[in-house]
$ cat entry-v9.pdb   # PDB, N, CA and C atoms
ATOM      1  N   SER A   1       0.840  -1.183   0.000
ATOM      2  CA  SER A   1       0.000   0.000   0.000
ATOM      3  C   SER A   1       0.876   1.234   0.000
ATOM      4  N   GLN A   2       0.548   2.164  -0.865
ATOM      5  CA  GLN A   2       1.333   3.381  -0.995
ATOM      6  C   GLN A   2       0.689   4.493  -0.191
ATOM      7  N   GLY A   3       1.501   5.319   0.469
ATOM      8  CA  GLY A   3       0.984   6.413   1.277
ATOM      9  C   GLY A   3       0.452   7.548   0.434
ATOM     10  N   TYR A   4      -0.241   8.447   1.087
ATOM     11  CA  TYR A   4      -0.811   9.598   0.416
ATOM     12  C   TYR A   4       0.291  10.564   0.019
ATOM     13  N   ASP A   5       0.281  11.029  -1.205
ATOM     14  CA  ASP A   5       1.285  11.956  -1.709
ATOM     15  C   ASP A   5       0.641  13.316  -1.891
ATOM     16  N   VAL A   6       0.947  14.242  -0.989
ATOM     17  CA  VAL A   6       0.334  15.566  -1.030
ATOM     18  C   VAL A   6       0.695  16.324  -2.307
ATOM     19  N   ARG A   7       1.796  15.946  -2.943
ATOM     20  CA  ARG A   7       2.188  16.615  -4.189
ATOM     21  C   ARG A   7       1.204  16.352  -5.317
ATOM     22  N   ARG A   8       0.367  15.346  -5.164
ATOM     23  CA  ARG A   8      -0.626  15.058  -6.201
ATOM     24  C   ARG A   8      -1.776  16.055  -6.184
ATOM     25  N   GLU A   9      -1.969  16.736  -5.055
ATOM     26  CA  GLU A   9      -2.992  17.780  -4.967
ATOM     27  C   GLU A   9      -2.501  18.982  -5.740
ATOM     28  N   LYS A  10      -3.330  19.516  -6.606
ATOM     29  CA  LYS A  10      -2.934  20.688  -7.374
ATOM     30  C   LYS A  10      -3.589  21.911  -6.766
ATOM     31  N   GLY A  11      -2.787  22.785  -6.260
ATOM     32  CA  GLY A  11      -3.330  23.980  -5.640
ATOM     33  C   GLY A  11      -3.008  25.240  -6.385
ATOM     34  N   GLY A  12      -2.181  25.172  -7.383
ATOM     35  CA  GLY A  12      -1.803  26.380  -8.091
ATOM     36  C   GLY A  12      -1.250  26.028  -9.441
ATOM     37  N   GLY A  13      -0.616  26.977 -10.051
ATOM     38  CA  GLY A  13      -0.032  26.755 -11.359
ATOM     39  C   GLY A  13      -1.019  27.050 -12.459
ATOM     40  N   ASN A  14      -0.757  26.526 -13.628
ATOM     41  CA  ASN A  14      -1.585  26.834 -14.778
ATOM     42  C   ASN A  14      -2.491  25.695 -15.188
ATOM     43  N   ASP A  15      -2.776  24.757 -14.296
ATOM     44  CA  ASP A  15      -3.701  23.708 -14.704
ATOM     45  C   ASP A  15      -5.119  24.255 -14.629
ATOM     46  N   VAL A  16      -5.976  23.728 -15.464
ATOM     47  CA  VAL A  16      -7.321  24.276 -15.608
ATOM     48  C   VAL A  16      -8.159  24.103 -14.343
ATOM     49  N   LEU A  17      -7.783  23.204 -13.469
ATOM     50  CA  LEU A  17      -8.575  22.973 -12.272
ATOM     51  C   LEU A  17      -7.960  23.581 -11.026
ATOM     52  N   GLY A  18      -6.838  24.225 -11.173
ATOM     53  CA  GLY A  18      -6.214  24.925 -10.056
ATOM     54  C   GLY A  18      -6.355  26.416 -10.262
ATOM     55  N   THR A  19      -5.648  27.149  -9.480
ATOM     56  CA  THR A  19      -5.675  28.591  -9.605
ATOM     57  C   THR A  19      -4.611  29.011 -10.601
ATOM     58  N   VAL A  20      -4.984  29.794 -11.575
ATOM     59  CA  VAL A  20      -4.014  30.281 -12.535
ATOM     60  C   VAL A  20      -3.191  31.359 -11.856
ATOM     61  N   SER A  21      -1.896  31.125 -11.768
ATOM     62  CA  SER A  21      -1.022  32.095 -11.111
ATOM     63  C   SER A  21      -0.496  33.064 -12.149
ATOM     64  N   SER A  22      -1.175  34.170 -12.249
ATOM     65  CA  SER A  22      -0.806  35.172 -13.231
ATOM     66  C   SER A  22      -0.899  36.542 -12.582
ATOM     67  N   ALA A  23       0.019  37.407 -12.925
ATOM     68  CA  ALA A  23       0.039  38.741 -12.348
ATOM     69  C   ALA A  23      -0.969  39.661 -13.029
ATOM     70  N   ARG A  24      -1.471  39.280 -14.184
ATOM     71  CA  ARG A  24      -2.387  40.157 -14.918
ATOM     72  C   ARG A  24      -3.827  39.656 -14.843
ATOM     73  N   GLU A  25      -4.735  40.564 -15.075
ATOM     74  CA  GLU A  25      -6.146  40.208 -15.160
ATOM     75  C   GLU A  25      -6.397  39.536 -16.508
ATOM     76  N   PRO A  26      -7.331  38.596 -16.564
ATOM     77  CA  PRO A  26      -7.618  37.943 -17.845
ATOM     78  C   PRO A  26      -8.261  38.922 -18.826
ATOM     79  N   THR A  27      -7.903  38.790 -20.080
ATOM     80  CA  THR A  27      -8.489  39.622 -21.126
ATOM     81  C   THR A  27      -9.807  38.992 -21.563
ATOM     82  N   ALA A  28     -10.557  39.717 -22.383
ATOM     83  CA  ALA A  28     -11.812  39.177 -22.920
ATOM     84  C   ALA A  28     -11.529  37.915 -23.733
ATOM     85  N   THR A  29     -10.424  37.901 -24.448
ATOM     86  CA  THR A  29     -10.045  36.726 -25.227
ATOM     87  C   THR A  29      -9.740  35.542 -24.305
ATOM     88  N   ASP A  30      -9.007  35.797 -23.215
ATOM     89  CA  ASP A  30      -8.717  34.739 -22.244
ATOM     90  C   ASP A  30     -10.003  34.122 -21.716
ATOM     91  N   ILE A  31     -10.956  34.966 -21.390
ATOM     92  CA  ILE A  31     -12.233  34.501 -20.840
ATOM     93  C   ILE A  31     -12.998  33.685 -21.881
ATOM     94  N   ALA A  32     -13.026  34.157 -23.119
ATOM     95  CA  ALA A  32     -13.726  33.438 -24.190
ATOM     96  C   ALA A  32     -13.091  32.071 -24.433
ATOM     97  N   VAL A  33     -11.761  32.014 -24.432
ATOM     98  CA  VAL A  33     -11.061  30.743 -24.632
ATOM     99  C   VAL A  33     -11.358  29.795 -23.471
ATOM    100  N   ALA A  34     -11.332  30.312 -22.249
ATOM    101  CA  ALA A  34     -11.615  29.484 -21.068
ATOM    102  C   ALA A  34     -13.034  28.923 -21.131
ATOM    103  N   ARG A  35     -13.990  29.754 -21.504
ATOM    104  CA  ARG A  35     -15.385  29.278 -21.605
ATOM    105  C   ARG A  35     -15.520  28.170 -22.630
ATOM    106  N   GLU A  36     -14.847  28.334 -23.765
ATOM    107  CA  GLU A  36     -14.906  27.309 -24.803
ATOM    108  C   GLU A  36     -14.262  26.005 -24.312
ATOM    109  N   ARG A  37     -13.171  26.114 -23.570
ATOM    110  CA  ARG A  37     -12.523  24.917 -23.012
ATOM    111  C   ARG A  37     -13.460  24.211 -22.039
ATOM    112  N   TRP A  38     -14.163  24.980 -21.209
ATOM    113  CA  TRP A  38     -15.122  24.388 -20.259
ATOM    114  C   TRP A  38     -16.228  23.678 -21.010
ATOM    115  N   ARG A  39     -16.765  24.312 -22.062
ATOM    116  CA  ARG A  39     -17.821  23.675 -22.847
ATOM    117  C   ARG A  39     -17.337  22.367 -23.446
ATOM    118  N   THR A  40     -16.137  22.403 -24.010
ATOM    119  CA  THR A  40     -15.558  21.196 -24.616
ATOM    120  C   THR A  40     -15.382  20.102 -23.570
ATOM    121  N   MET A  41     -14.872  20.492 -22.413
ATOM    122  CA  MET A  41     -14.571  19.520 -21.367
ATOM    123  C   MET A  41     -15.837  18.892 -20.796
ATOM    124  N   LEU A  42     -16.885  19.664 -20.614
ATOM    125  CA  LEU A  42     -18.081  19.160 -19.931
ATOM    126  C   LEU A  42     -19.193  18.729 -20.884
ATOM    127  N   ASP A  43     -18.996  18.912 -22.181
ATOM    128  CA  ASP A  43     -20.023  18.568 -23.161
ATOM    129  C   ASP A  43     -20.387  17.092 -23.068
ATOM    130  N   GLY A  44     -21.653  16.827 -22.825
ATOM    131  CA  GLY A  44     -22.150  15.458 -22.771
ATOM    132  C   GLY A  44     -21.841  14.705 -21.489
ATOM    133  N   GLU A  45     -21.235  15.377 -20.519
ATOM    134  CA  GLU A  45     -20.882  14.720 -19.256
ATOM    135  C   GLU A  45     -22.069  14.739 -18.292
ATOM    136  N   PRO A  46     -22.160  13.755 -17.414
ATOM    137  CA  PRO A  46     -23.232  13.735 -16.415
ATOM    138  C   PRO A  46     -23.065  14.873 -15.404
ATOM    139  N   ALA A  47     -24.139  15.178 -14.703
ATOM    140  CA  ALA A  47     -24.167  16.299 -13.752
ATOM    141  C   ALA A  47     -23.098  16.185 -12.675
ATOM    142  N   HIS A  48     -22.789  14.956 -12.227
ATOM    143  CA  HIS A  48     -21.803  14.852 -11.148
ATOM    144  C   HIS A  48     -20.411  15.291 -11.605
ATOM    145  N   CYS A  49     -20.118  15.206 -12.889
ATOM    146  CA  CYS A  49     -18.826  15.691 -13.394
ATOM    147  C   CYS A  49     -18.755  17.213 -13.276
ATOM    148  N   TYR A  50     -19.848  17.874 -13.611
ATOM    149  CA  TYR A  50     -19.912  19.323 -13.464
ATOM    150  C   TYR A  50     -19.714  19.706 -12.000
ATOM    151  N   GLU A  51     -20.365  18.971 -11.096
ATOM    152  CA  GLU A  51     -20.215  19.249  -9.659
ATOM    153  C   GLU A  51     -18.772  19.084  -9.210
ATOM    154  N   ILE A  52     -18.122  18.026  -9.668
ATOM    155  CA  ILE A  52     -16.736  17.768  -9.286
ATOM    156  C   ILE A  52     -15.843  18.930  -9.719
ATOM    157  N   VAL A  53     -16.007  19.376 -10.950
ATOM    158  CA  VAL A  53     -15.203  20.496 -11.449
ATOM    159  C   VAL A  53     -15.503  21.760 -10.656
ATOM    160  N   ARG A  54     -16.768  22.020 -10.396
ATOM    161  CA  ARG A  54     -17.162  23.222  -9.662
ATOM    162  C   ARG A  54     -16.554  23.229  -8.260
ATOM    163  N   TYR A  55     -16.625  22.120  -7.563
ATOM    164  CA  TYR A  55     -16.035  22.035  -6.219
ATOM    165  C   TYR A  55     -14.517  22.179  -6.271
ATOM    166  N   ARG A  56     -13.887  21.590  -7.280
ATOM    167  CA  ARG A  56     -12.433  21.685  -7.394
ATOM    168  C   ARG A  56     -12.011  23.129  -7.629
ATOM    169  N   LEU A  57     -12.743  23.816  -8.486
ATOM    170  CA  LEU A  57     -12.431  25.226  -8.746
ATOM    171  C   LEU A  57     -12.653  26.092  -7.513
ATOM    172  N   ALA A  58     -13.539  25.663  -6.643
ATOM    173  CA  ALA A  58     -13.785  26.393  -5.397
ATOM    174  C   ALA A  58     -12.698  26.119  -4.366
ATOM    175  N   GLY A  59     -11.749  25.237  -4.718
ATOM    176  CA  GLY A  59     -10.618  24.976  -3.838
ATOM    177  C   GLY A  59     -10.785  23.800  -2.900
ATOM    178  N   GLU A  60     -11.822  23.011  -3.107
ATOM    179  CA  GLU A  60     -12.044  21.857  -2.229
ATOM    180  C   GLU A  60     -11.031  20.760  -2.529
ATOM    181  N   LYS A  61     -10.671  20.028  -1.494
ATOM    182  CA  LYS A  61      -9.756  18.905  -1.646
ATOM    183  C   LYS A  61     -10.499  17.719  -2.245
ATOM    184  N   LEU A  62      -9.741  16.828  -2.832
ATOM    185  CA  LEU A  62     -10.345  15.676  -3.506
ATOM    186  C   LEU A  62     -11.189  14.833  -2.558
ATOM    187  N   THR A  63     -10.741  14.668  -1.326
ATOM    188  CA  THR A  63     -11.519  13.885  -0.364
ATOM    189  C   THR A  63     -12.841  14.573  -0.041
ATOM    190  N   GLU A  64     -12.829  15.891   0.062
ATOM    191  CA  GLU A  64     -14.063  16.643   0.335
ATOM    192  C   GLU A  64     -15.034  16.518  -0.834
ATOM    193  N   ILE A  65     -14.492  16.604  -2.037
ATOM    194  CA  ILE A  65     -15.338  16.473  -3.231
ATOM    195  C   ILE A  65     -15.964  15.088  -3.278
ATOM    196  N   ALA A  66     -15.166  14.078  -3.020
ATOM    197  CA  ALA A  66     -15.664  12.699  -3.038
ATOM    198  C   ALA A  66     -16.806  12.527  -2.046
ATOM    199  N   ASP A  67     -16.646  13.065  -0.851
ATOM    200  CA  ASP A  67     -17.708  12.974   0.156
ATOM    201  C   ASP A  67     -18.972  13.689  -0.296
ATOM    202  N   ARG A  68     -18.824  14.868  -0.863
ATOM    203  CA  ARG A  68     -19.992  15.655  -1.312
ATOM    204  C   ARG A  68     -20.754  14.967  -2.443
ATOM    205  N   VAL A  69     -20.001  14.412  -3.390
ATOM    206  CA  VAL A  69     -20.618  13.822  -4.585
ATOM    207  C   VAL A  69     -21.050  12.375  -4.352
ATOM    208  N   GLY A  70     -20.447  11.734  -3.353
ATOM    209  CA  GLY A  70     -20.829  10.355  -3.044
ATOM    210  C   GLY A  70     -20.070   9.321  -3.841
ATOM    211  N   VAL A  71     -18.813   9.633  -4.171
ATOM    212  CA  VAL A  71     -17.955   8.700  -4.881
ATOM    213  C   VAL A  71     -16.631   8.603  -4.118
ATOM    214  N   THR A  72     -15.744   7.746  -4.583
ATOM    215  CA  THR A  72     -14.444   7.632  -3.934
ATOM    216  C   THR A  72     -13.508   8.725  -4.440
ATOM    217  N   GLU A  73     -12.459   8.964  -3.665
ATOM    218  CA  GLU A  73     -11.443   9.943  -4.088
ATOM    219  C   GLU A  73     -10.804   9.499  -5.407
ATOM    220  N   ARG A  74     -10.603   8.217  -5.549
ATOM    221  CA  ARG A  74     -10.020   7.690  -6.784
ATOM    222  C   ARG A  74     -10.906   8.013  -7.995
ATOM    223  N   THR A  75     -12.208   7.905  -7.817
ATOM    224  CA  THR A  75     -13.137   8.237  -8.903
ATOM    225  C   THR A  75     -13.038   9.714  -9.254
ATOM    226  N   VAL A  76     -12.943  10.566  -8.248
ATOM    227  CA  VAL A  76     -12.795  12.004  -8.500
ATOM    228  C   VAL A  76     -11.530  12.244  -9.320
ATOM    229  N   ARG A  77     -10.430  11.627  -8.922
ATOM    230  CA  ARG A  77      -9.164  11.777  -9.657
ATOM    231  C   ARG A  77      -9.306  11.338 -11.111
ATOM    232  N   ARG A  78      -9.926  10.167 -11.309
ATOM    233  CA  ARG A  78     -10.089   9.644 -12.671
ATOM    234  C   ARG A  78     -10.949  10.563 -13.521
ATOM    235  N   ILE A  79     -12.023  11.075 -12.950
ATOM    236  CA  ILE A  79     -12.905  11.969 -13.702
ATOM    237  C   ILE A  79     -12.169  13.240 -14.088
ATOM    238  N   LEU A  80     -11.448  13.836 -13.150
ATOM    239  CA  LEU A  80     -10.705  15.061 -13.448
ATOM    240  C   LEU A  80      -9.651  14.812 -14.523
ATOM    241  N   LYS A  81      -8.963  13.701 -14.426
ATOM    242  CA  LYS A  81      -7.938  13.367 -15.418
ATOM    243  C   LYS A  81      -8.565  13.184 -16.802
ATOM    244  N   ARG A  82      -9.687  12.476 -16.847
ATOM    245  CA  ARG A  82     -10.361  12.237 -18.126
ATOM    246  C   ARG A  82     -10.862  13.537 -18.738
ATOM    247  N   LEU A  83     -11.433  14.422 -17.907
ATOM    248  CA  LEU A  83     -11.928  15.692 -18.414
ATOM    249  C   LEU A  83     -10.783  16.562 -18.937
ATOM    250  N   LEU A  84      -9.691  16.586 -18.219
ATOM    251  CA  LEU A  84      -8.533  17.367 -18.666
ATOM    252  C   LEU A  84      -7.995  16.845 -19.997
ATOM    253  N   SER A  85      -8.015  15.532 -20.167
ATOM    254  CA  SER A  85      -7.500  14.972 -21.408
ATOM    255  C   SER A  85      -8.362  15.386 -22.605
ATOM    256  N   LYS A  86      -9.635  15.663 -22.373
ATOM    257  CA  LYS A  86     -10.515  16.105 -23.449
ATOM    258  C   LYS A  86     -10.083  17.447 -24.024
ATOM    259  N   ILE A  87      -9.553  18.327 -23.195
ATOM    260  CA  ILE A  87      -9.165  19.645 -23.700
ATOM    261  C   ILE A  87      -7.690  19.705 -24.089
ATOM    262  N   GLU A  88      -6.926  18.711 -23.686
ATOM    263  CA  GLU A  88      -5.501  18.690 -24.040
ATOM    264  C   GLU A  88      -5.271  18.058 -25.406
ATOM    265  N   ASP A  89      -6.249  17.337 -25.921
ATOM    266  CA  ASP A  89      -6.103  16.682 -27.231
ATOM    267  C   ASP A  89      -6.157  17.673 -28.364
TER     268      ASP A  89
END
$ encode --input "entry-v9.pdb" --output "structure tokens"
Amino acid sequence: SQGYDVRREKGGGNDVLGTVSSAREPTATDIAVARERWRTMLDGEPAHCYEIVRYRLAGEKLTEIADRVGVTERTVRRILKRLLSKIED
């Protein structure tokens, strides 16, 4: 059994589910691109996927999200990874 690795939690940086660390305010173009990425990522997904993303963006930890949505932490991780892969392709 492997221990919990806190480095797997994303709290900052430029990932779409963390906080974008930027010194500037987003431009209208940045906002439009972000909205399109969200649409692409969540298109056709069940409601619980939207909830998972919303809670993650609010800064909740994976364990908290899992408890709220009623799934395991591993499921939350898999869903987030799968959704991210949709916009990275």
$ atom_distance --input "entry-v9.pdb" --atom1 "CA of Val76 in chain A" --atom2 "CA of Ile52 in chain A"
7.0 Å
$ atom_distance --input "entry-v9.pdb" --atom1 "CA of Glu64 in chain A" --atom2 "CA of Arg39 in chain A"
24.5 Å
$ atom_distance --input "entry-v9.pdb" --atom1 "atom C of Arg77 in chain A" --atom2 "atom C of Ala32 in chain A"
24.9 Å
$ residues_around --input "entry-v9.pdb" --residues "Arg68 in chain A" --least-positions-apart "5" --cutoff "12 Å" --atoms "only C-alpha atoms" --output "MDAnalysis selection string"
chainID A and resid 48 51:52 54:56 60:63 73 76
$ write_last_selection --input "entry-v9.pdb" --atoms "N, CA and C atoms" --output "CSV table (one decimal), keeping the file's coordinate frame"
chain,number,residue,atom,x,y,z
A,48,HIS,N,-22.8,15.0,-12.2
A,48,HIS,CA,-21.8,14.9,-11.1
A,48,HIS,C,-20.4,15.3,-11.6
A,51,GLU,N,-20.4,19.0,-11.1
A,51,GLU,CA,-20.2,19.2,-9.7
A,51,GLU,C,-18.8,19.1,-9.2
A,52,ILE,N,-18.1,18.0,-9.7
A,52,ILE,CA,-16.7,17.8,-9.3
A,52,ILE,C,-15.8,18.9,-9.7
A,54,ARG,N,-16.8,22.0,-10.4
A,54,ARG,CA,-17.2,23.2,-9.7
A,54,ARG,C,-16.6,23.2,-8.3
A,55,TYR,N,-16.6,22.1,-7.6
A,55,TYR,CA,-16.0,22.0,-6.2
A,55,TYR,C,-14.5,22.2,-6.3
A,56,ARG,N,-13.9,21.6,-7.3
A,56,ARG,CA,-12.4,21.7,-7.4
A,56,ARG,C,-12.0,23.1,-7.6
A,60,GLU,N,-11.8,23.0,-3.1
A,60,GLU,CA,-12.0,21.9,-2.2
A,60,GLU,C,-11.0,20.8,-2.5
A,61,LYS,N,-10.7,20.0,-1.5
A,61,LYS,CA,-9.8,18.9,-1.6
A,61,LYS,C,-10.5,17.7,-2.2
A,62,LEU,N,-9.7,16.8,-2.8
A,62,LEU,CA,-10.3,15.7,-3.5
A,62,LEU,C,-11.2,14.8,-2.6
A,63,THR,N,-10.7,14.7,-1.3
A,63,THR,CA,-11.5,13.9,-0.4
A,63,THR,C,-12.8,14.6,0.0
A,73,GLU,N,-12.5,9.0,-3.7
A,73,GLU,CA,-11.4,9.9,-4.1
A,73,GLU,C,-10.8,9.5,-5.4
A,76,VAL,N,-12.9,10.6,-8.2
A,76,VAL,CA,-12.8,12.0,-8.5
A,76,VAL,C,-11.5,12.2,-9.3
$ resolve_selection --input "entry-v9.pdb" --expression "the PyMOL selection byres ((chain A and resi 87) around 6.5)" --output "VMD selection string"
chain A and resid 37 40 to 41 83 to 86 88 to 89
